[in-house]
>>> print(open('work18.tsv').read())   # TSV, C-alpha atoms
chain	number	residue	atom	x	y	z
A	82	MET	CA	-2.36	95.30	96.45
A	83	PRO	CA	-3.30	96.35	99.96
A	84	THR	CA	-3.14	93.65	102.57
A	85	PRO	CA	-6.09	93.28	104.94
A	86	SER	CA	-5.92	94.95	108.31
A	87	ASN	CA	-8.19	95.62	111.25
A	88	ASP	CA	-6.52	98.97	111.87
A	89	PRO	CA	-8.83	101.93	111.29
A	90	SER	CA	-7.69	104.09	108.38
A	91	PRO	CA	-8.97	107.48	107.27
A	92	THR	CA	-11.21	107.45	104.24
A	93	PRO	CA	-10.24	109.63	101.26
A	94	ASP	CA	-12.85	112.31	102.02
A	95	GLN	CA	-11.73	112.78	105.64
A	96	PRO	CA	-9.33	115.65	106.45
A	97	GLN	CA	-6.00	114.87	108.09
A	98	ALA	CA	-6.62	114.53	111.83
A	99	PRO	CA	-4.61	116.70	114.26
A	100	LEU	CA	-1.48	114.97	115.56
A	101	LYS	CA	-2.05	115.87	119.19
A	102	GLY	CA	-2.70	112.83	121.34
A	103	ARG	CA	-2.06	110.20	118.70
A	104	ARG	CA	0.74	108.45	116.83
A	105	VAL	CA	2.16	109.76	113.58
A	106	ARG	CA	0.98	107.45	110.79
A	107	ALA	CA	3.98	106.75	108.53
A	108	ALA	CA	4.47	105.03	105.18
A	109	VAL	CA	7.74	103.88	103.61
A	110	ILE	CA	8.16	104.23	99.83
A	111	GLY	CA	10.90	101.93	98.55
A	112	ILE	CA	11.87	98.87	100.60
A	113	GLY	CA	15.53	98.54	99.65
A	114	ALA	CA	18.56	98.92	101.88
A	115	ILE	CA	17.78	102.49	102.92
A	116	GLY	CA	14.06	102.03	103.47
A	117	GLY	CA	14.38	98.74	105.30
A	118	GLY	CA	17.76	99.31	106.92
A	119	SER	CA	17.59	102.94	108.06
A	120	HIS	CA	14.08	104.40	107.96
A	121	LEU	CA	12.18	101.42	109.27
A	122	PRO	CA	14.39	100.89	112.37
A	123	ALA	CA	14.10	104.60	113.23
A	124	LEU	CA	10.32	104.46	112.86
A	125	ALA	CA	10.20	101.26	114.89
A	126	ARG	CA	12.17	102.83	117.73
A	127	LEU	CA	9.79	105.78	117.90
A	128	ALA	CA	6.88	103.35	117.69
A	129	GLU	CA	8.17	101.73	120.89
A	130	GLU	CA	7.98	105.17	122.48
A	131	GLY	CA	4.41	105.74	121.31
A	132	GLU	CA	5.31	108.36	118.70
A	133	THR	CA	4.82	106.60	115.36
A	134	GLU	CA	3.20	103.66	113.62
A	135	VAL	CA	4.06	102.32	110.18
A	136	VAL	CA	0.78	101.83	108.34
A	137	ALA	CA	1.98	101.03	104.83
A	138	ALA	CA	4.89	100.22	102.53
A	139	VAL	CA	5.07	100.78	98.76
A	140	ASP	CA	7.30	99.14	96.17
A	141	ILE	CA	7.07	98.24	92.48
A	142	ASP	CA	7.71	94.56	93.32
A	143	ALA	CA	4.44	93.08	94.61
A	144	GLU	CA	5.98	89.93	96.05
A	145	ALA	CA	8.79	91.83	97.72
A	146	VAL	CA	6.48	94.32	99.39
A	147	ARG	CA	4.16	91.54	100.54
A	148	ALA	CA	7.08	89.71	102.16
A	149	PHE	CA	8.43	92.97	103.63
A	150	CYS	CA	5.11	93.80	105.26
A	151	ALA	CA	4.74	90.28	106.63
A	152	GLU	CA	8.26	90.33	108.08
A	153	HIS	CA	7.89	93.71	109.77
A	154	GLY	CA	4.24	93.61	110.77
A	155	ILE	CA	3.17	96.40	108.44
A	156	PRO	CA	-0.59	96.15	107.84
A	157	HIS	CA	-0.77	97.43	104.26
A	158	GLY	CA	1.43	96.81	101.22
A	159	TYR	CA	1.00	98.56	97.87
A	160	THR	CA	2.54	98.82	94.44
A	161	ASP	CA	0.60	102.02	93.68
A	162	LEU	CA	1.65	105.14	95.59
A	163	ASP	CA	-1.45	107.17	94.72
A	164	ARG	CA	-3.75	104.40	95.92
A	165	MET	CA	-1.84	104.12	99.18
A	166	LEU	CA	-2.05	107.87	99.77
A	167	ALA	CA	-5.78	107.91	99.07
A	168	GLU	CA	-6.61	104.86	101.21
A	169	GLN	CA	-4.22	105.25	104.14
A	170	ARG	CA	-3.83	109.05	104.39
A	171	PRO	CA	-0.42	108.85	106.16
A	172	ASP	CA	0.89	111.82	108.13
A	173	LEU	CA	4.48	111.13	107.07
A	174	VAL	CA	5.89	109.55	103.92
A	175	CYS	CA	9.49	108.35	103.83
A	176	VAL	CA	10.78	108.49	100.25
A	177	CYS	CA	13.56	105.91	99.86
A	178	THR	CA	13.62	105.45	96.09
A	179	PRO	CA	16.27	106.53	93.53
A	180	PRO	CA	16.61	110.30	92.96
A	181	THR	CA	14.79	110.47	89.65
A	182	LEU	CA	11.56	109.41	91.39
A	183	HIS	CA	11.79	111.84	94.30
A	184	ARG	CA	10.09	114.88	92.81
A	185	ASP	CA	6.89	113.20	91.65
A	186	GLN	CA	6.58	111.03	94.76
A	187	THR	CA	7.21	113.96	97.11
A	188	VAL	CA	4.70	116.18	95.31
A	189	ALA	CA	2.09	113.43	95.38
A	190	ALA	CA	2.55	112.98	99.13
A	191	LEU	CA	2.43	116.72	99.86
A	192	ARG	CA	-0.75	117.10	97.80
A	193	ALA	CA	-2.27	114.27	99.83
A	194	GLY	CA	-1.54	116.22	103.00
A	195	ALA	CA	1.46	114.17	104.16
A	196	TRP	CA	4.77	115.50	105.39
A	197	VAL	CA	7.74	114.03	103.53
A	198	TRP	CA	11.14	112.81	104.66
A	199	CYS	CA	13.12	112.27	101.47
A	200	GLU	CA	16.48	110.59	101.03
A	201	LYS	CA	19.36	112.53	99.50
A	202	PRO	CA	19.84	113.82	96.96
A	203	PRO	CA	16.34	115.25	97.31
A	204	VAL	CA	15.81	115.83	93.57
A	205	PRO	CA	18.10	115.98	90.53
A	206	THR	CA	17.94	119.77	89.95
A	207	LEU	CA	17.25	123.12	91.58
A	208	ALA	CA	14.19	123.50	89.35
A	209	ASP	CA	12.81	120.27	90.78
A	210	PHE	CA	13.53	121.43	94.33
A	211	ASP	CA	11.69	124.69	93.78
A	212	ALA	CA	8.73	122.81	92.28
A	213	VAL	CA	8.57	120.64	95.41
A	214	GLU	CA	8.83	123.61	97.75
A	215	ALA	CA	5.94	125.28	95.92
A	216	GLU	CA	3.70	122.39	97.01
A	217	GLU	CA	4.46	122.80	100.73
A	218	GLY	CA	1.97	124.28	103.15
A	219	ALA	CA	4.24	127.15	104.15
A	220	ASP	CA	1.34	129.36	105.23
A	221	THR	CA	-0.60	126.67	107.06
A	222	GLY	CA	2.01	124.96	109.26
A	223	GLY	CA	2.69	122.15	106.82
A	224	PRO	CA	2.97	119.77	105.25
A	225	PHE	CA	6.68	120.22	104.54
A	226	ALA	CA	9.29	118.12	102.74
A	227	SER	CA	12.50	117.52	104.69
A	228	ILE	CA	15.68	115.97	103.31
A	229	VAL	CA	17.54	113.16	105.07
A	230	PHE	CA	20.71	114.94	106.19
A	231	GLN	CA	21.26	112.86	109.30
A	232	HIS	CA	24.90	113.95	109.73
A	233	ARG	CA	23.63	117.35	110.94
A	234	PHE	CA	21.96	115.70	113.88
A	235	GLY	CA	23.27	114.15	117.10
A	236	SER	CA	25.21	115.56	120.03
A	237	GLY	CA	28.54	116.12	118.24
A	238	ALA	CA	27.22	118.34	115.46
A	239	THR	CA	24.93	120.18	117.89
A	240	HIS	CA	27.81	120.95	120.26
A	241	VAL	CA	30.19	122.12	117.54
A	242	ARG	CA	27.51	124.21	115.85
A	243	LYS	CA	27.00	126.06	119.12
A	244	LEU	CA	30.74	126.58	119.70
A	245	ILE	CA	31.12	128.13	116.26
A	246	ALA	CA	27.89	130.15	116.33
A	247	GLU	CA	28.79	131.69	119.68
A	248	GLN	CA	32.43	132.17	118.57
A	249	ALA	CA	33.64	130.41	121.69
A	250	VAL	CA	36.54	129.12	119.59
A	251	GLY	CA	36.87	132.37	117.63
A	252	ARG	CA	36.07	133.04	114.01
A	253	PRO	CA	36.25	130.10	111.59
A	254	LEU	CA	39.09	130.71	109.14
A	255	VAL	CA	40.05	127.62	107.13
A	256	ALA	CA	38.09	124.42	106.50
A	257	HIS	CA	38.52	121.12	104.73
A	258	CYS	CA	35.63	118.86	103.71
A	259	GLN	CA	36.53	115.41	102.43
A	260	THR	CA	34.39	112.53	101.19
A	261	THR	CA	36.88	110.13	99.68
A	262	TRP	CA	35.20	106.77	99.17
A	263	TYR	CA	35.68	103.80	96.86
A	264	ARG	CA	33.18	102.39	94.39
A	265	ASN	CA	34.11	99.64	91.92
A	266	THR	CA	32.90	98.81	88.42
A	267	ALA	CA	30.18	96.51	89.74
A	268	TYR	CA	28.68	99.42	91.66
A	269	TYR	CA	28.22	101.35	88.42
A	270	ALA	CA	26.80	98.34	86.60
A	271	VAL	CA	23.43	99.24	88.18
A	272	PRO	CA	21.67	100.99	85.25
A	273	TRP	CA	20.64	104.19	87.02
A	274	ARG	CA	24.00	104.96	88.62
A	275	GLY	CA	26.48	107.34	87.06
A	276	ARG	CA	23.80	108.92	84.84
A	277	TRP	CA	22.60	112.49	85.06
A	278	ALA	CA	18.95	111.71	84.39
A	279	THR	CA	18.64	109.11	87.11
A	280	GLU	CA	21.30	109.83	89.77
A	281	GLY	CA	21.52	113.58	89.28
A	282	GLY	CA	25.31	113.65	89.49
A	283	GLY	CA	28.43	111.82	90.61
A	284	PRO	CA	30.12	111.73	94.03
A	285	ALA	CA	29.45	115.43	94.65
A	286	MET	CA	25.72	114.76	94.42
A	287	GLY	CA	25.32	111.19	95.65
A	288	HIS	CA	28.11	110.79	98.19
A	289	GLY	CA	29.75	114.03	99.32
A	290	ILE	CA	26.47	115.89	99.74
A	291	HIS	CA	26.28	114.74	103.39
A	292	GLN	CA	29.62	116.22	104.45
A	293	MET	CA	29.09	119.38	102.39
A	294	ASP	CA	25.68	119.84	104.00
A	295	LEU	CA	27.19	119.41	107.46
A	296	LEU	CA	29.95	121.91	106.64
A	297	LEU	CA	27.35	124.45	105.51
A	298	ASP	CA	25.27	123.78	108.61
A	299	LEU	CA	28.31	124.53	110.79
A	300	LEU	CA	29.76	127.51	108.90
A	301	GLY	CA	26.68	129.19	107.48
A	302	PRO	CA	26.06	130.56	103.97
A	303	TRP	CA	28.66	130.17	101.24
A	304	SER	CA	29.30	133.01	98.81
A	305	GLU	CA	31.33	131.64	95.87
A	306	VAL	CA	32.92	128.47	94.53
A	307	ARG	CA	35.70	127.57	92.09
A	308	ALA	CA	35.84	123.89	91.09
A	309	MET	CA	37.25	121.15	88.89
A	310	ALA	CA	35.81	117.73	88.05
A	311	GLY	CA	37.16	114.64	86.37
A	312	ARG	CA	36.13	111.30	84.98
A	313	LEU	CA	39.33	109.42	85.73
A	314	VAL	CA	38.37	105.75	86.12
A	315	HIS	CA	34.72	104.89	85.60
A	316	ASP	CA	32.83	104.77	82.30
A	317	VAL	CA	29.98	107.00	83.46
A	318	GLU	CA	28.25	110.21	82.32
A	319	THR	CA	28.96	112.03	85.58
A	320	GLU	CA	32.24	112.81	87.28
A	321	ASP	CA	33.97	110.31	89.58
A	322	VAL	CA	36.03	112.96	91.39
A	323	SER	CA	35.73	116.70	92.05
A	324	THR	CA	37.58	119.37	93.99
A	325	ALA	CA	36.40	122.83	94.95
A	326	LEU	CA	37.45	126.01	96.72
A	327	VAL	CA	34.58	127.62	98.61
A	328	ARG	CA	34.39	131.07	100.20
A	329	PHE	CA	31.86	131.61	102.98
A	330	GLU	CA	30.02	134.83	103.83
A	331	ASN	CA	31.87	134.95	107.15
A	332	GLY	CA	35.18	135.03	105.25
A	333	ALA	CA	36.25	131.45	105.87
A	334	LEU	CA	37.87	129.54	103.01
A	335	ALA	CA	37.33	125.81	102.45
A	336	THR	CA	38.55	123.02	100.23
A	337	VAL	CA	36.10	120.29	99.24
A	338	VAL	CA	37.06	116.90	97.78
A	339	ASN	CA	34.53	114.30	96.63
A	340	SER	CA	35.81	111.00	95.25
A	341	VAL	CA	34.76	107.41	94.58
A	342	LEU	CA	38.34	106.45	93.66
A	343	SER	CA	39.85	106.22	97.15
A	344	PRO	CA	40.61	102.76	98.61
A	345	ASP	CA	41.32	104.28	102.03
A	346	GLU	CA	37.81	105.55	102.66
A	347	VAL	CA	37.13	108.45	105.00
A	348	SER	CA	34.63	111.24	105.63
A	349	ARG	CA	36.31	114.23	107.24
A	350	ILE	CA	35.65	117.82	108.20
A	351	ARG	CA	38.31	120.07	109.69
A	352	ILE	CA	37.65	123.67	110.72
A	353	ASP	CA	40.52	125.86	111.89
A	354	CYS	CA	39.17	128.67	114.03
A	355	GLU	CA	41.08	131.48	115.72
A	356	ARG	CA	41.36	129.60	118.99
A	357	ALA	CA	41.02	125.91	118.11
A	358	THR	CA	40.97	123.30	115.38
A	359	ILE	CA	37.80	121.19	115.29
A	360	GLU	CA	37.98	117.92	113.41
A	361	LEU	CA	35.52	115.15	112.59
A	362	THR	CA	36.79	111.87	111.12
A	363	HIS	CA	34.42	108.98	110.39
A	364	LEU	CA	32.90	107.13	107.43
A	365	TYR	CA	29.10	106.81	107.35
A	366	GLY	CA	28.11	108.27	110.72
A	367	HIS	CA	29.65	109.88	113.78
A	368	SER	CA	29.46	109.88	117.56
A	369	ASN	CA	31.12	112.13	120.14
A	370	ALA	CA	34.34	110.08	120.00
A	371	ASP	CA	34.79	110.93	116.29
A	372	TRP	CA	35.24	114.62	117.05
A	373	SER	CA	38.45	116.22	118.33
A	374	ILE	CA	39.21	119.77	119.46
A	375	THR	CA	42.80	121.02	119.54
A	376	PRO	CA	43.17	124.37	121.33
A	377	ALA	CA	45.58	127.10	120.28
A	378	PRO	CA	48.65	127.48	122.51
A	379	GLY	CA	47.91	129.32	125.72
A	380	THR	CA	44.25	128.38	125.95
A	381	PRO	CA	43.24	127.85	129.61
A	382	ASP	CA	42.73	124.19	130.50
A	383	ALA	CA	39.26	124.86	131.92
A	384	GLU	CA	38.13	126.40	128.64
A	385	THR	CA	39.53	123.51	126.63
A	386	ALA	CA	37.75	121.05	128.91
A	387	ALA	CA	34.46	122.86	128.38
A	388	TRP	CA	34.90	122.75	124.59
A	389	ARG	CA	35.59	119.03	124.75
A	390	ASP	CA	32.52	118.28	126.87
A	391	PHE	CA	30.03	117.06	124.27
A	392	GLY	CA	27.54	115.82	126.85
A	393	ALA	CA	25.56	112.59	126.48
A	394	ASP	CA	26.49	110.75	123.30
A	395	VAL	CA	23.75	110.90	120.67
A	396	PRO	CA	25.21	109.52	117.41
A	397	SER	CA	24.26	111.05	114.08
A	398	SER	CA	21.51	108.87	112.65
A	399	HIS	CA	18.17	108.68	110.94
A	400	LEU	CA	16.69	108.26	114.40
A	401	ALA	CA	18.18	111.53	115.67
A	402	GLN	CA	16.77	113.45	112.72
A	403	LEU	CA	13.40	111.68	112.84
A	404	ARG	CA	12.93	112.65	116.49
A	405	GLU	CA	13.30	116.31	115.57
A	406	LEU	CA	11.12	115.96	112.48
A	407	VAL	CA	8.25	114.43	114.46
A	408	ALA	CA	8.56	117.23	117.01
A	409	SER	CA	8.30	119.76	114.18
A	410	MET	CA	5.24	117.96	112.81
A	411	ARG	CA	3.51	118.10	116.16
A	412	ALA	CA	4.36	121.79	116.52
A	413	GLY	CA	3.29	122.61	112.95
A	414	GLU	CA	6.71	124.18	112.27
A	415	ARG	CA	9.02	123.97	109.27
A	416	PRO	CA	11.64	121.30	110.05
A	417	ARG	CA	15.37	121.72	109.59
A	418	SER	CA	16.79	120.58	106.23
A	419	SER	CA	13.67	121.69	104.38
A	420	GLY	CA	12.97	124.77	102.27
A	421	ALA	CA	15.84	127.24	101.97
A	422	ASP	CA	17.76	125.38	104.68
A	423	GLY	CA	17.60	122.14	102.70
A	424	ARG	CA	18.29	123.83	99.35
A	425	THR	CA	21.67	125.34	100.26
A	426	SER	CA	23.79	122.23	99.69
A	427	LEU	CA	21.99	121.41	96.42
A	428	GLU	CA	22.72	124.94	95.22
A	429	LEU	CA	26.39	124.54	96.15
A	430	ILE	CA	26.56	121.32	94.13
A	431	ALA	CA	24.95	122.98	91.10
A	432	ALA	CA	27.46	125.82	91.41
A	433	LEU	CA	30.32	123.34	91.77
A	434	TYR	CA	29.33	121.64	88.52
A	435	LYS	CA	28.83	124.95	86.70
A	436	SER	CA	32.21	126.19	87.85
A	437	ALA	CA	33.96	122.96	86.87
A	438	PHE	CA	32.33	122.69	83.45
A	439	THR	CA	32.61	126.39	82.50
A	440	ASP	CA	35.93	127.24	84.18
A	441	THR	CA	34.42	130.19	86.03
A	442	THR	CA	33.78	131.33	89.58
A	443	VAL	CA	30.12	130.88	90.51
A	444	ARG	CA	28.41	132.94	93.18
A	445	ARG	CA	25.52	131.94	95.38
A	446	GLY	CA	22.17	132.98	93.96
A	447	GLU	CA	23.26	133.27	90.33
A	448	ILE	CA	21.77	129.94	89.18
A	449	GLY	CA	18.07	130.49	88.59
A	450	PRO	CA	15.42	130.11	85.87
A	451	GLY	CA	17.01	130.58	82.48
A	452	ASP	CA	20.38	129.24	83.59
A	453	PRO	CA	21.05	125.79	82.06
A	454	TYR	CA	22.39	124.56	85.40
A	455	TYR	CA	19.02	125.28	87.01
A	456	THR	CA	17.32	122.49	85.06
A	457	ALA	CA	20.26	120.06	84.66
A	458	MET	CA	23.34	119.60	86.81
A	459	HIS	CA	25.44	119.05	83.66
A	460	GLY	CA	24.16	122.31	82.19
A	461	GLY	CA	24.39	120.91	78.68
A	462	ALA	CA	28.18	121.24	78.84
A	463	PRO	CA	30.05	119.57	75.97
A	464	GLY	CA	31.74	116.38	77.13
A	465	TRP	CA	29.52	116.16	80.19
A	466	ALA	CA	25.93	116.29	78.97
A	467	PRO	CA	24.46	112.97	77.76
A	468	ALA	CA	24.95	112.25	74.09
A	469	PRO	CA	22.00	113.31	71.87
A	470	GLY	CA	19.38	110.60	71.65
A	471	GLN	CA	20.70	108.69	74.64
A	472	GLU	CA	17.72	107.34	76.54
A	473	PRO	CA	17.52	107.62	80.32
A	474	ALA	CA	16.85	104.53	82.40
A	475	THR	CA	13.22	103.46	82.36
A	476	SER	CA	11.13	103.01	85.48
A	477	GLU	CA	11.53	99.26	85.10
A	478	GLU	CA	15.30	99.72	85.43
A	479	ILE	CA	15.02	101.71	88.65
A	480	PRO	CA	14.48	99.52	91.70
A	481	ALA	CA	13.11	101.05	94.87
>>> encode(input="work18.tsv", output="structure tokens")
Amino acid sequence: MPTPSNDPSPTPDQPQAPLKGRRVRAAVIGIGAIGGGSHLPALARLAEEGETEVVAAVDIDAEAVRAFCAEHGIPHGYTDLDRMLAEQRPDLVCVCTPPTLHRDQTVAALRAGAWVWCEKPPVPTLADFDAVEAEEGADTGGPFASIVFQHRFGSGATHVRKLIAEQAVGRPLVAHCQTTWYRNTAYYAVPWRGRWATEGGGPAMGHGIHQMDLLLDLLGPWSEVRAMAGRLVHDVETEDVSTALVRFENGALATVVNSVLSPDEVSRIRIDCERATIELTHLYGHSNADWSITPAPGTPDAETAAWRDFGADVPSSHLAQLRELVASMRAGERPRSSGADGRTSLELIAALYKSAFTDTTVRRGEIGPGDPYYTAMHGGAPGWAPAPGQEPATSEEIPA
């Protein structure tokens, strides 16, 4: 159901034009709260700067997408993703639909020559992630599929990453990663939530993934995990709380807590290094003021002042990540939070579930083809896997 437009669009038999000297043509798939409330404003801001233009939106609801396009001045609205890709040939596709749709939509966009910026969790399983990565143009400078991990971006995370990487504050020793949020029964009344087939997992997968990804981005590769999970309140297939002990390759030890049972909501990372404690406390996004650095006794004041100088405040946001993604597109380089860099947090989550459901320590790299946790986060574990014959939510039940 494309709407008429006077804007020139590539025809299906035309190759993707080089990005140099022109705007990045973007399309938004899924016009719900994330697509309309986070992706579109970021794209609009870069449009003001001459970097992007939104050429199309796609949703299963024809009336909704028509109204959305009219409200935001988007020239083309569709209910058919393949038709949009063929007719509009976007350079960038923002995937803002529920997780169960991500793999097929991302693959379709990559095959059409578009880069992809996909909401978390990127796909429900490691097998799905590897299938997506296989469709990327790794040998030709793109297209690539990047995951929305906006908490990695912004001045605070950039500054702390550098302090730790350069060991200005000494070796990282002990860390704590906390995503303790609250979700009520009404939240889980939405058919696709709390189900392995459609959400991919519980708070470890759908909520805590952001803080875990940021922790991994700051501390580097993890080596092993020991975890527990529970279903304490909600009548769901997945867990509603999990805890984990994680060892990193650099020797640091971390605790990770993911919960949707916590009325006093907070997102928190604390890293105790040899010479300072670095702490981030926020909820859904952070700025420089949300970070604190406490030096060890005897640290010179001048050094402490330098650690605490975060520079100009660039909050973590979709905009901050999109800026870097567009720069990567123009350079023909793999963007951060794609490929192996984007896979690391998904692998940790799979290992967390395997450890919790099998009562074993799981090491990085051990979950691959042939392992039940490679193709399903529940791994077929008794008491956690869906009951035999239970049908997953249909596409009609899954709003964009």
>>> closest_residue(input="work18.tsv", among="A:Gly223, A:Pro284, A:Pro376, A:Pro302", to="A:Ser426", atoms="all atoms listed in the file")
A:Pro302
>>> atom_distance(input="work18.tsv", atom1="atom CA of A:Glu318", atom2="atom CA of A:Asp294")
23.9 Å
>>> residues_around(input="work18.tsv", residues="A:Ala226", least_positions_apart="6", cutoff="6 Å", atoms="only C-alpha atoms", output="ChimeraX atom specification")
/A:196-198,419
>>> write_last_selection(input="work18.tsv", atoms="C-alpha atoms", output="mmCIF file, keeping the file's coordinate frame")
data_model
loop_
_atom_site.group_PDB
_atom_site.id
_atom_site.type_symbol
_atom_site.label_atom_id
_atom_site.label_comp_id
_atom_site.auth_asym_id
_atom_site.auth_seq_id
_atom_site.Cartn_x
_atom_site.Cartn_y
_atom_site.Cartn_z
ATOM 1 C CA TRP A 196 4.770 115.500 105.390
ATOM 2 C CA VAL A 197 7.740 114.030 103.530
ATOM 3 C CA TRP A 198 11.140 112.810 104.660
ATOM 4 C CA SER A 419 13.670 121.690 104.380
#
>>> atom_distance(input="work18.tsv", atom1="atom CA of A:Ser340", atom2="atom CA of A:Ile290")
11.5 Å
>>> residues_around(input="work18.tsv", residues="stretch 110-123 of chain A", least_positions_apart="6", cutoff="9 Å", atoms="all atoms listed in the file", output="PyMOL selection string")
chain A and resi 135+137-141+145-146+149+153+162+174-179+186+200+398-401+403-404+480-481
>>> closest_residue(input="work18.tsv", among="A:Val241, A:Ala377, A:Leu127, A:Cys354", to="A:Leu334", atoms="only C-alpha atoms")
A:Cys354
>>> residues_around(input="work18.tsv", residues="A:Ser436", least_positions_apart="5", cutoff="7 Å", atoms="only C-alpha atoms", output="MDAnalysis selection string")
chainID A and resid 307:308 441:443
>>> build_atoms(input="work18.tsv", residues="stretch 125-131 of chain A", atoms="all heavy atoms", output="PDB file, in the frame of the given file")
ATOM      1  N   ALA A 125      10.531 102.285 113.898  1.00  0.00           N
ATOM      2  CA  ALA A 125      10.200 101.260 114.890  1.00  0.00           C
ATOM      3  C   ALA A 125      10.590 101.695 116.301  1.00  0.00           C
ATOM      4  O   ALA A 125       9.870 101.436 117.274  1.00  0.00           O
ATOM      5  CB  ALA A 125      10.896  99.948 114.532  1.00  0.00           C
ATOM      6  N   ARG A 126      11.735 102.356 116.416  1.00  0.00           N
ATOM      7  CA  ARG A 126      12.170 102.830 117.730  1.00  0.00           C
ATOM      8  C   ARG A 126      11.186 103.865 118.276  1.00  0.00           C
ATOM      9  O   ARG A 126      10.799 103.810 119.463  1.00  0.00           O
ATOM     10  CB  ARG A 126      13.574 103.436 117.620  1.00  0.00           C
ATOM     11  CG  ARG A 126      14.094 104.039 118.922  1.00  0.00           C
ATOM     12  CD  ARG A 126      14.279 102.989 120.024  1.00  0.00           C
ATOM     13  NE  ARG A 126      14.773 103.604 121.231  1.00  0.00           N
ATOM     14  CZ  ARG A 126      16.070 103.803 121.491  1.00  0.00           C
ATOM     15  NH1 ARG A 126      16.984 103.422 120.598  1.00  0.00           N
ATOM     16  NH2 ARG A 126      16.449 104.363 122.616  1.00  0.00           N
ATOM     17  N   LEU A 127      10.757 104.787 117.436  1.00  0.00           N
ATOM     18  CA  LEU A 127       9.790 105.780 117.900  1.00  0.00           C
ATOM     19  C   LEU A 127       8.413 105.150 118.138  1.00  0.00           C
ATOM     20  O   LEU A 127       7.640 105.646 118.961  1.00  0.00           O
ATOM     21  CB  LEU A 127       9.690 106.923 116.906  1.00  0.00           C
ATOM     22  CG  LEU A 127      10.898 107.864 116.841  1.00  0.00           C
ATOM     23  CD1 LEU A 127      10.563 109.107 116.032  1.00  0.00           C
ATOM     24  CD2 LEU A 127      11.379 108.267 118.229  1.00  0.00           C
ATOM     25  N   ALA A 128       8.130 104.063 117.427  1.00  0.00           N
ATOM     26  CA  ALA A 128       6.880 103.350 117.690  1.00  0.00           C
ATOM     27  C   ALA A 128       6.887 102.762 119.099  1.00  0.00           C
ATOM     28  O   ALA A 128       5.862 102.764 119.796  1.00  0.00           O
ATOM     29  CB  ALA A 128       6.676 102.244 116.658  1.00  0.00           C
ATOM     30  N   GLU A 129       8.044 102.260 119.524  1.00  0.00           N
ATOM     31  CA  GLU A 129       8.170 101.730 120.890  1.00  0.00           C
ATOM     32  C   GLU A 129       7.913 102.804 121.923  1.00  0.00           C
ATOM     33  O   GLU A 129       7.482 102.512 123.045  1.00  0.00           O
ATOM     34  CB  GLU A 129       9.572 101.154 121.092  1.00  0.00           C
ATOM     35  CG  GLU A 129       9.878  99.919 120.251  1.00  0.00           C
ATOM     36  CD  GLU A 129      11.324  99.495 120.372  1.00  0.00           C
ATOM     37  OE1 GLU A 129      12.094 100.172 121.095  1.00  0.00           O
ATOM     38  OE2 GLU A 129      11.703  98.480 119.738  1.00  0.00           O
ATOM     39  N   GLU A 130       8.167 104.056 121.555  1.00  0.00           N
ATOM     40  CA  GLU A 130       7.980 105.170 122.480  1.00  0.00           C
ATOM     41  C   GLU A 130       6.608 105.827 122.319  1.00  0.00           C
ATOM     42  O   GLU A 130       6.345 106.871 122.914  1.00  0.00           O
ATOM     43  CB  GLU A 130       9.090 106.206 122.247  1.00  0.00           C
ATOM     44  CG  GLU A 130      10.483 105.632 122.472  1.00  0.00           C
ATOM     45  CD  GLU A 130      11.595 106.577 122.035  1.00  0.00           C
ATOM     46  OE1 GLU A 130      11.286 107.768 121.762  1.00  0.00           O
ATOM     47  OE2 GLU A 130      12.762 106.152 121.969  1.00  0.00           O
ATOM     48  N   GLY A 131       5.760 105.222 121.468  1.00  0.00           N
ATOM     49  CA  GLY A 131       4.410 105.740 121.310  1.00  0.00           C
ATOM     50  C   GLY A 131       4.279 106.915 120.371  1.00  0.00           C
ATOM     51  O   GLY A 131       3.229 107.567 120.335  1.00  0.00           O
TER      52      GLY A 131
END
